[in-house]
file query_8.cif (mmCIF, C-alpha atoms)
data_final
#
loop_
_atom_site.label_atom_id
_atom_site.label_comp_id
_atom_site.auth_asym_id
_atom_site.auth_seq_id
_atom_site.Cartn_x
_atom_site.Cartn_y
_atom_site.Cartn_z
CA HIS A 20 -43.36 -61.40 61.55
CA ARG A 21 -40.04 -59.95 62.48
CA ASP A 22 -39.83 -57.99 65.65
CA LEU A 23 -39.62 -54.29 65.04
CA HIS A 24 -36.63 -54.22 67.28
CA SER A 25 -34.83 -56.55 64.88
CA PHE A 26 -34.59 -53.80 62.19
CA PRO A 27 -31.41 -51.70 62.35
CA THR A 28 -31.83 -48.42 64.13
CA ARG A 29 -31.03 -45.29 62.09
CA ARG A 30 -29.40 -42.43 63.83
CA SER A 31 -30.62 -38.88 63.29
CA SER A 32 -27.34 -38.11 61.52
CA ASP A 33 -28.07 -40.89 59.02
CA LEU A 34 -31.47 -39.40 58.26
CA THR A 35 -29.97 -35.98 57.81
CA THR A 36 -27.39 -37.35 55.39
CA GLN A 37 -30.04 -39.20 53.42
CA ALA A 38 -32.23 -36.12 53.16
CA THR A 39 -29.35 -34.05 51.99
CA THR A 40 -28.33 -36.65 49.43
CA THR A 41 -31.86 -36.99 48.13
CA THR A 42 -32.22 -33.25 47.77
CA GLN A 43 -28.96 -33.00 45.85
CA ALA A 44 -29.90 -35.88 43.59
CA THR A 45 -33.28 -34.46 42.65
CA THR A 46 -32.20 -30.86 42.13
CA THR A 47 -31.67 -29.92 38.48
CA THR A 48 -30.14 -26.77 37.03
CA GLN A 49 -31.54 -25.32 33.83
CA ALA A 50 -29.00 -23.44 31.73
CA THR A 51 -30.15 -20.14 30.35
CA THR A 52 -29.25 -19.53 26.71
CA THR A 53 -28.93 -15.89 25.72
CA SER A 54 -28.86 -15.01 22.03
CA THR A 55 -27.22 -11.75 20.97
CA THR A 56 -28.20 -10.10 17.72
CA LEU A 57 -25.39 -7.99 16.30
CA PRO A 58 -26.41 -4.69 14.72
CA ALA A 59 -26.35 -4.64 10.93
CA VAL A 60 -23.30 -3.01 9.38
CA VAL A 61 -24.18 0.18 7.53
CA HIS A 62 -22.15 0.80 4.37
CA VAL A 63 -22.18 4.47 3.44
CA ALA A 64 -23.37 4.90 -0.14
CA VAL A 65 -21.25 6.73 -2.68
CA GLY A 66 -23.14 9.46 -4.51
CA ALA A 67 -22.45 12.28 -6.90
CA ILE A 68 -19.89 14.95 -6.06
CA GLY A 69 -21.51 17.38 -3.65
CA THR A 70 -23.75 14.79 -1.97
CA TYR A 71 -22.10 15.29 1.44
CA GLN A 72 -20.61 18.17 3.36
CA THR A 73 -16.97 17.57 4.32
CA THR A 74 -14.59 18.28 7.19
CA THR A 75 -10.79 18.51 7.06
CA SER A 76 -8.30 17.62 9.77
CA ASP A 77 -4.74 16.37 10.33
CA ILE A 78 -3.83 13.11 12.04
CA THR A 79 -0.19 12.07 12.40
CA VAL A 80 0.80 8.40 12.41
CA VAL A 81 4.31 6.99 12.81
CA ASP A 82 5.81 3.86 11.27
CA PRO A 83 8.84 2.95 13.44
CA SER A 84 9.85 0.01 11.22
CA ARG A 85 11.11 2.05 8.24
CA SER A 86 13.47 4.98 7.78
CA THR A 87 13.18 8.54 6.52
CA PRO A 88 15.81 9.29 3.84
CA ASP A 89 18.34 12.10 3.82
CA ARG A 90 16.91 15.33 2.46
CA GLY A 91 19.91 17.23 1.17
CA ASP A 92 21.89 18.43 4.18
CA VAL A 93 19.27 17.10 6.61
CA ALA A 94 20.18 13.59 7.73
CA GLY A 95 17.64 10.81 7.62
CA TYR A 96 16.52 8.96 10.71
CA THR A 97 14.82 5.78 11.84
CA GLY A 98 11.04 5.86 11.55
CA ARG A 99 8.64 7.65 9.22
CA THR A 100 6.32 10.35 10.53
CA LEU A 101 3.28 10.66 8.29
CA ARG A 102 1.19 13.76 8.85
CA THR A 103 -2.02 12.75 7.13
CA LEU A 104 -4.59 15.14 5.72
CA VAL A 105 -8.01 13.63 6.48
CA VAL A 106 -11.04 14.76 4.47
CA THR A 107 -14.23 13.21 5.80
CA PRO A 108 -17.79 13.24 4.49
CA VAL A 109 -20.43 14.25 7.03
CA VAL A 110 -22.84 11.31 7.02
CA SER A 111 -26.02 11.36 9.07
CA GLY A 112 -26.18 8.21 11.18
CA GLY A 113 -22.61 7.18 10.41
CA GLY A 114 -21.51 3.90 8.88
CA GLU A 115 -18.49 2.31 7.24
CA LEU A 116 -16.89 4.62 4.70
CA PRO A 117 -15.08 3.67 1.51
CA VAL A 118 -11.49 4.90 1.55
CA ILE A 119 -9.15 6.61 -0.91
CA VAL A 120 -5.51 6.91 0.18
CA PHE A 121 -3.80 9.56 -1.94
CA ALA A 122 -0.10 10.12 -2.72
CA HIS A 123 1.01 13.66 -3.59
CA GLY A 124 3.64 14.46 -6.20
CA TYR A 125 7.28 15.52 -5.86
CA ASP A 126 7.98 18.81 -4.06
CA SER A 127 4.33 19.32 -3.14
CA GLU A 128 1.97 18.72 -0.23
CA PRO A 129 -1.38 16.97 0.31
CA GLU A 130 -3.02 20.40 0.53
CA THR A 131 -1.97 21.08 -3.08
CA TYR A 132 -4.72 18.66 -4.08
CA LEU A 133 -7.35 19.79 -1.58
CA PRO A 134 -10.06 20.67 -4.18
CA LEU A 135 -9.78 17.17 -5.67
CA LEU A 136 -9.72 15.47 -2.28
CA GLN A 137 -12.74 17.45 -1.09
CA ALA A 138 -14.64 16.54 -4.25
CA TRP A 139 -14.04 12.84 -3.60
CA ALA A 140 -15.05 13.21 0.05
CA SER A 141 -18.22 15.05 -0.94
CA ALA A 142 -19.21 11.93 -2.90
CA GLY A 143 -18.90 9.80 0.24
CA TYR A 144 -15.24 8.73 0.43
CA LEU A 145 -12.97 9.05 3.44
CA VAL A 146 -9.83 10.55 1.85
CA LEU A 147 -6.45 10.08 3.56
CA ALA A 148 -3.45 11.92 2.11
CA PRO A 149 -0.15 11.32 3.92
CA GLU A 150 2.72 13.77 3.60
CA SER A 151 5.67 11.83 2.17
CA PRO A 152 8.81 12.23 4.33
CA GLY A 153 11.02 12.02 1.24
CA SER A 154 9.33 14.18 -1.38
CA ALA A 155 7.17 16.68 0.53
CA ALA A 156 7.86 20.37 -0.07
CA ASN A 157 7.49 21.78 3.43
CA LEU A 158 9.68 19.48 5.51
CA PRO A 159 13.25 20.41 6.50
CA GLY A 160 15.87 19.87 3.84
CA THR A 161 15.55 19.31 0.10
CA PRO A 162 12.90 16.92 -1.29
CA VAL A 163 14.24 13.81 -3.03
CA ARG A 164 12.91 11.69 -5.89
CA THR A 165 14.57 8.47 -4.72
CA ASP A 166 11.93 7.54 -2.14
CA ILE A 167 9.01 6.59 -4.40
CA ALA A 168 9.02 2.97 -3.17
CA GLY A 169 8.95 4.32 0.38
CA GLN A 170 5.95 6.44 -0.53
CA ALA A 171 4.19 3.33 -1.86
CA GLN A 172 4.76 1.64 1.49
CA ASP A 173 3.46 4.76 3.25
CA LEU A 174 0.12 4.19 1.52
CA SER A 175 -0.03 0.60 2.76
CA PHE A 176 0.85 1.74 6.29
CA VAL A 177 -1.96 4.31 6.26
CA ILE A 178 -4.35 1.55 5.13
CA THR A 179 -3.26 -0.52 8.13
CA LYS A 180 -3.94 2.40 10.46
CA ALA A 181 -7.31 3.02 8.78
CA LEU A 182 -8.36 -0.58 9.34
CA SER A 183 -7.38 -0.27 13.01
CA GLY A 184 -9.89 2.58 13.43
CA THR A 185 -7.44 5.49 13.58
CA PHE A 186 -9.46 7.58 11.12
CA GLY A 187 -12.97 6.36 11.96
CA SER A 188 -15.17 3.55 10.69
CA VAL A 189 -14.08 2.23 7.27
CA ASP A 190 -15.24 -0.48 4.88
CA PRO A 191 -12.37 -2.97 4.39
CA ALA A 192 -13.87 -4.14 1.09
CA ARG A 193 -13.78 -0.64 -0.46
CA ILE A 194 -10.19 0.59 -0.29
CA SER A 195 -8.63 2.51 -3.19
CA VAL A 196 -5.31 4.26 -3.71
CA GLY A 197 -4.55 7.17 -6.03
CA GLY A 198 -1.63 9.43 -6.74
CA HIS A 199 -0.31 12.17 -9.01
CA SER A 200 3.11 12.42 -10.70
CA ASP A 201 5.66 10.70 -8.42
CA GLY A 202 2.70 9.81 -6.21
CA GLY A 203 1.13 8.15 -9.24
CA SER A 204 4.35 6.21 -9.67
CA ALA A 205 4.04 5.06 -6.06
CA VAL A 206 0.55 3.74 -6.88
CA ALA A 207 1.97 1.99 -9.98
CA ILE A 208 4.42 0.19 -7.70
CA LEU A 209 1.56 -1.13 -5.57
CA ALA A 210 -0.43 -2.17 -8.64
CA LEU A 211 2.27 -3.72 -10.81
CA ASN A 212 5.19 -4.80 -8.63
CA GLY A 213 4.65 -8.09 -6.83
CA ALA A 214 7.11 -7.21 -4.06
CA TYR A 215 4.81 -4.39 -2.94
CA HIS A 216 1.47 -6.07 -3.53
CA ASP A 217 -1.20 -5.18 -0.99
CA PRO A 218 -4.24 -7.47 -1.35
CA ARG A 219 -6.43 -5.07 0.63
CA ILE A 220 -6.49 -2.59 -2.28
CA ALA A 221 -9.46 -2.87 -4.65
CA ASN A 222 -8.75 0.06 -7.01
CA TYR A 223 -5.68 1.90 -8.27
CA LEU A 224 -5.63 5.38 -9.85
CA VAL A 225 -2.43 6.62 -11.50
CA LEU A 226 -2.51 10.28 -12.58
CA SER A 227 0.49 11.27 -14.74
CA GLY A 228 2.63 8.57 -13.18
CA ALA A 229 5.29 6.27 -14.61
CA ILE A 230 7.18 3.08 -13.84
CA PRO A 231 9.98 4.36 -11.58
CA GLU A 232 13.57 3.24 -11.99
CA GLY A 233 15.63 1.53 -9.32
CA VAL A 234 12.77 -0.31 -7.61
CA ASP A 235 13.42 -3.96 -6.77
CA GLY A 236 10.84 -6.65 -7.40
CA THR A 237 9.11 -8.21 -10.38
CA TRP A 238 7.03 -5.96 -12.61
CA GLY A 239 3.86 -7.18 -14.31
CA THR A 240 1.58 -5.72 -16.94
CA ALA A 241 -1.65 -6.05 -14.96
CA PRO A 242 -2.53 -5.22 -11.35
CA GLU A 243 -1.88 -7.93 -8.80
CA SER A 244 -5.47 -7.43 -7.62
CA GLY A 245 -8.29 -4.99 -8.19
CA ARG A 246 -8.77 -2.51 -11.04
CA LEU A 247 -6.25 -0.04 -12.45
CA LEU A 248 -6.97 3.28 -14.16
CA VAL A 249 -4.03 5.16 -15.68
CA VAL A 250 -4.45 8.76 -16.87
CA VAL A 251 -1.54 10.30 -18.82
CA GLY A 252 -1.05 12.97 -21.48
CA ASP A 253 1.53 13.56 -24.16
CA GLN A 254 2.69 16.68 -22.32
CA ASP A 255 3.19 14.97 -18.94
#

call {"tool": "encode", "arguments": {"input": "query_8.cif", "output": "structure tokens"}}
result
Amino acid sequence: HRDLHSFPTRRSSDLTTQATTTTQATTTTQATTTSTTLPAVVHVAVGAIGTYQTTTSDITVVDPSRSTPDRGDVAGYTGRTLRTLVVTPVVSGGGELPVIVFAHGYDSEPETYLPLLQAWASAGYLVLAPESPGSAANLPGTPVRTDIAGQAQDLSFVITKALSGTFGSVDPARISVGGHSDGGSAVAILALNGAYHDPRIANYLVLSGAIPEGVDGTWGTAPESGRLLVVVGDQD
């Protein structure tokens, strides 16, 4: 038998270190996994005209990257200010709304078409009608007919602002554009000219529009994407 005194003597500091080490070695940490359930997206249903009450307001958005043309004696300037008539269906509980962005005709205003825009909104569409800086009737100077391509780009810009939440909650899969007269020609540019193609658009509505002259790009005979409805008459 070995003498007890022959075993090495442990100091109290050694015991303390061992206890601490043992405790650290045997301690385990259990990670807590938290699962988050996202709320279901509600898509507002489109109904018959008159299904929803509507509200009307103005929201102004500005595109600093493009220019406003001269309007007669009134000089153009950098940037395009787009006062936008917003007609909204009143939907209980809210949800993502389908969108129609509408282009007015030459020497007119969005309000000229208010009965039509309200009818669309009463069926469940969020209707956005920007005032074109080139062709609108009530802006300073004389309206011009040489800014139709600019009006087409105005519609795309308003779509961008809509998708950013400027006008409320919208459904990115249900975006349509429509227009009358020169505004219809602006929609034709988006539908048929590859240089102005906007893949976010699902439907195009041309009311008494035409293929405008002097617009660069390649013209096709079918929409770049989505569906196209053209309404014209022999007296247009």

call {"tool": "residues_around", "arguments": {"input": "query_8.cif", "residues": "A:Val118", "least_positions_apart": "5", "cutoff": "9 Å", "atoms": "all atoms listed in the file", "output": "MDAnalysis selection string"}}
result
chainID A and resid 143:147 178 181 189:191 193:196

call {"tool": "resolve_selection", "arguments": {"input": "query_8.cif", "expression": "the PyMOL selection byres ((chain A and resi 251) around 10)", "output": "number ranges by chain"}}
result
A: 200, 225-229, 249-250, 252-255

call {"tool": "resolve_selection", "arguments": {"input": "query_8.cif", "expression": "the PyMOL selection byres ((chain A and resi 160-167) around 10)", "output": "PDB file with C-alpha atoms, keeping the file's coordinate frame"}}
result
ATOM      1  CA  THR A  87      13.180   8.540   6.520  1.00  0.00           C
ATOM      2  CA  PRO A  88      15.810   9.290   3.840  1.00  0.00           C
ATOM      3  CA  ASP A  89      18.340  12.100   3.820  1.00  0.00           C
ATOM      4  CA  ARG A  90      16.910  15.330   2.460  1.00  0.00           C
ATOM      5  CA  GLY A  91      19.910  17.230   1.170  1.00  0.00           C
ATOM      6  CA  ASP A  92      21.890  18.430   4.180  1.00  0.00           C
ATOM      7  CA  VAL A  93      19.270  17.100   6.610  1.00  0.00           C
ATOM      8  CA  ALA A  94      20.180  13.590   7.730  1.00  0.00           C
ATOM      9  CA  GLY A  95      17.640  10.810   7.620  1.00  0.00           C
ATOM     10  CA  ALA A 122      -0.100  10.120  -2.720  1.00  0.00           C
ATOM     11  CA  GLY A 124       3.640  14.460  -6.200  1.00  0.00           C
ATOM     12  CA  TYR A 125       7.280  15.520  -5.860  1.00  0.00           C
ATOM     13  CA  ASP A 126       7.980  18.810  -4.060  1.00  0.00           C
ATOM     14  CA  SER A 127       4.330  19.320  -3.140  1.00  0.00           C
ATOM     15  CA  SER A 151       5.670  11.830   2.170  1.00  0.00           C
ATOM     16  CA  PRO A 152       8.810  12.230   4.330  1.00  0.00           C
ATOM     17  CA  GLY A 153      11.020  12.020   1.240  1.00  0.00           C
ATOM     18  CA  SER A 154       9.330  14.180  -1.380  1.00  0.00           C
ATOM     19  CA  ALA A 155       7.170  16.680   0.530  1.00  0.00           C
ATOM     20  CA  ALA A 156       7.860  20.370  -0.070  1.00  0.00           C
ATOM     21  CA  ASN A 157       7.490  21.780   3.430  1.00  0.00           C
ATOM     22  CA  LEU A 158       9.680  19.480   5.510  1.00  0.00           C
ATOM     23  CA  PRO A 159      13.250  20.410   6.500  1.00  0.00           C
ATOM     24  CA  ALA A 168       9.020   2.970  -3.170  1.00  0.00           C
ATOM     25  CA  GLY A 169       8.950   4.320   0.380  1.00  0.00           C
ATOM     26  CA  GLN A 170       5.950   6.440  -0.530  1.00  0.00           C
ATOM     27  CA  ALA A 171       4.190   3.330  -1.860  1.00  0.00           C
ATOM     28  CA  GLN A 172       4.760   1.640   1.490  1.00  0.00           C
ATOM     29  CA  ASP A 173       3.460   4.760   3.250  1.00  0.00           C
ATOM     30  CA  ASP A 201       5.660  10.700  -8.420  1.00  0.00           C
ATOM     31  CA  GLY A 202       2.700   9.810  -6.210  1.00  0.00           C
ATOM     32  CA  GLY A 203       1.130   8.150  -9.240  1.00  0.00           C
ATOM     33  CA  SER A 204       4.350   6.210  -9.670  1.00  0.00           C
ATOM     34  CA  ALA A 205       4.040   5.060  -6.060  1.00  0.00           C
ATOM     35  CA  VAL A 206       0.550   3.740  -6.880  1.00  0.00           C
ATOM     36  CA  ILE A 208       4.420   0.190  -7.700  1.00  0.00           C
ATOM     37  CA  PRO A 231       9.980   4.360 -11.580  1.00  0.00           C
ATOM     38  CA  GLU A 232      13.570   3.240 -11.990  1.00  0.00           C
ATOM     39  CA  GLY A 233      15.630   1.530  -9.320  1.00  0.00           C
ATOM     40  CA  VAL A 234      12.770  -0.310  -7.610  1.00  0.00           C
TER      41      VAL A 234
END

call {"tool": "atom_distance", "arguments": {"input": "query_8.cif", "atom1": "atom CA of A:Ala64", "atom2": "atom CA of A:Pro149"}}
result
24.4 Å

call {"tool": "residues_around", "arguments": {"input": "query_8.cif", "residues": "A:Gly112", "least_positions_apart": "3", "cutoff": "12 Å", "atoms": "only C-alpha atoms", "output": "list in words"}}
result
Val60, Val61, His62, Val63, Pro108, Val109, Glu115, Leu116 and Ser188 of chain A

call {"tool": "resolve_selection", "arguments": {"input": "query_8.cif", "expression": "the PyMOL selection byres ((chain A and resi 72) around 9)", "output": "PyMOL selection string"}}
result
chain A and resi 69-71+73-74+107-110+140-142

call {"tool": "atom_distance", "arguments": {"input": "query_8.cif", "atom1": "atom CA of A:Ser244", "atom2": "atom CA of A:Ala214"}}
result
13.1 Å

call {"tool": "closest_residue", "arguments": {"input": "query_8.cif", "among": "A:Thr75, A:Tyr96, A:Ala210, A:Phe176", "to": "A:Glu130", "atoms": "only C-alpha atoms"}}
result
A:Thr75

call {"tool": "build_atoms", "arguments": {"input": "query_8.cif", "residues": "stretch 162-173 of chain A", "atoms": "all heavy atoms", "output": "CSV table (one decimal), in the coordinates of the input"}}
result
chain,number,residue,atom,x,y,z
A,162,PRO,N,13.6,18.1,-0.9
A,162,PRO,CA,12.9,16.9,-1.3
A,162,PRO,C,13.7,16.1,-2.2
A,162,PRO,O,14.5,16.6,-3.0
A,162,PRO,CB,11.6,17.4,-2.0
A,162,PRO,CG,11.7,18.9,-1.9
A,162,PRO,CD,12.9,19.4,-1.3
A,163,VAL,N,13.5,14.7,-2.2
A,163,VAL,CA,14.2,13.8,-3.0
A,163,VAL,C,13.2,13.0,-3.9
A,163,VAL,O,12.1,12.8,-3.5
A,163,VAL,CB,15.1,12.9,-2.2
A,163,VAL,CG1,16.2,13.6,-1.4
A,163,VAL,CG2,14.3,12.0,-1.2
A,164,ARG,N,13.7,12.5,-5.0
A,164,ARG,CA,12.9,11.7,-5.9
A,164,ARG,C,13.3,10.2,-5.8
A,164,ARG,O,12.9,9.4,-6.7
A,164,ARG,CB,13.0,12.2,-7.3
A,164,ARG,CG,12.7,13.7,-7.5
A,164,ARG,CD,12.5,14.1,-8.9
A,164,ARG,NE,11.2,13.7,-9.3
A,164,ARG,CZ,10.6,14.1,-10.5
A,164,ARG,NH1,11.2,14.9,-11.3
A,164,ARG,NH2,9.4,13.6,-10.8
A,165,THR,N,14.1,9.8,-4.8
A,165,THR,CA,14.6,8.5,-4.7
A,165,THR,C,13.8,7.7,-3.7
A,165,THR,O,14.2,6.6,-3.3
A,165,THR,CB,16.1,8.5,-4.4
A,165,THR,OG1,16.2,9.3,-3.2
A,165,THR,CG2,16.9,9.1,-5.5
A,166,ASP,N,12.7,8.2,-3.2
A,166,ASP,CA,11.9,7.5,-2.1
A,166,ASP,C,10.5,7.1,-2.6
A,166,ASP,O,9.6,7.0,-1.8
A,166,ASP,CB,11.8,8.5,-1.0
A,166,ASP,CG,11.3,7.9,0.3
A,166,ASP,OD1,11.8,6.8,0.7
A,166,ASP,OD2,10.4,8.5,0.9
A,167,ILE,N,10.4,6.9,-3.9
A,167,ILE,CA,9.0,6.6,-4.4
A,167,ILE,C,8.5,5.2,-3.8
A,167,ILE,O,7.4,5.1,-3.5
A,167,ILE,CB,9.0,6.6,-5.9
A,167,ILE,CG1,9.3,8.0,-6.4
A,167,ILE,CG2,7.6,6.2,-6.5
A,167,ILE,CD1,9.4,8.1,-7.9
A,168,ALA,N,9.4,4.3,-3.8
A,168,ALA,CA,9.0,3.0,-3.2
A,168,ALA,C,8.6,3.1,-1.7
A,168,ALA,O,7.7,2.5,-1.2
A,168,ALA,CB,10.2,2.0,-3.3
A,169,GLY,N,9.3,4.0,-1.0
A,169,GLY,CA,9.0,4.3,0.4
A,169,GLY,C,7.6,5.0,0.5
A,169,GLY,O,6.8,4.7,1.4
A,170,GLN,N,7.3,5.8,-0.5
A,170,GLN,CA,6.0,6.4,-0.5
A,170,GLN,C,4.9,5.4,-0.8
A,170,GLN,O,3.8,5.5,-0.2
A,170,GLN,CB,5.9,7.5,-1.6
A,170,GLN,CG,4.6,8.4,-1.5
A,170,GLN,CD,4.7,9.6,-2.5
A,170,GLN,OE1,5.4,9.6,-3.4
A,170,GLN,NE2,3.8,10.5,-2.3
A,171,ALA,N,5.2,4.4,-1.6
A,171,ALA,CA,4.2,3.3,-1.9
A,171,ALA,C,3.9,2.6,-0.6
A,171,ALA,O,2.8,2.3,-0.2
A,171,ALA,CB,4.7,2.4,-2.9
A,172,GLN,N,4.9,2.3,0.2
A,172,GLN,CA,4.8,1.6,1.5
A,172,GLN,C,4.1,2.5,2.5
A,172,GLN,O,3.3,2.0,3.4
A,172,GLN,CB,6.1,1.2,2.0
A,172,GLN,CG,6.7,0.1,1.2
A,172,GLN,CD,8.2,-0.3,1.6
A,172,GLN,OE1,9.0,0.6,1.8
A,172,GLN,NE2,8.4,-1.5,1.8
A,173,ASP,N,4.2,3.8,2.4
A,173,ASP,CA,3.5,4.8,3.2
A,173,ASP,C,2.0,4.6,3.1
A,173,ASP,O,1.2,4.6,4.0
A,173,ASP,CB,3.8,6.2,2.9
A,173,ASP,CG,5.2,6.6,3.3
A,173,ASP,OD1,5.8,5.9,4.1
A,173,ASP,OD2,5.7,7.6,2.8
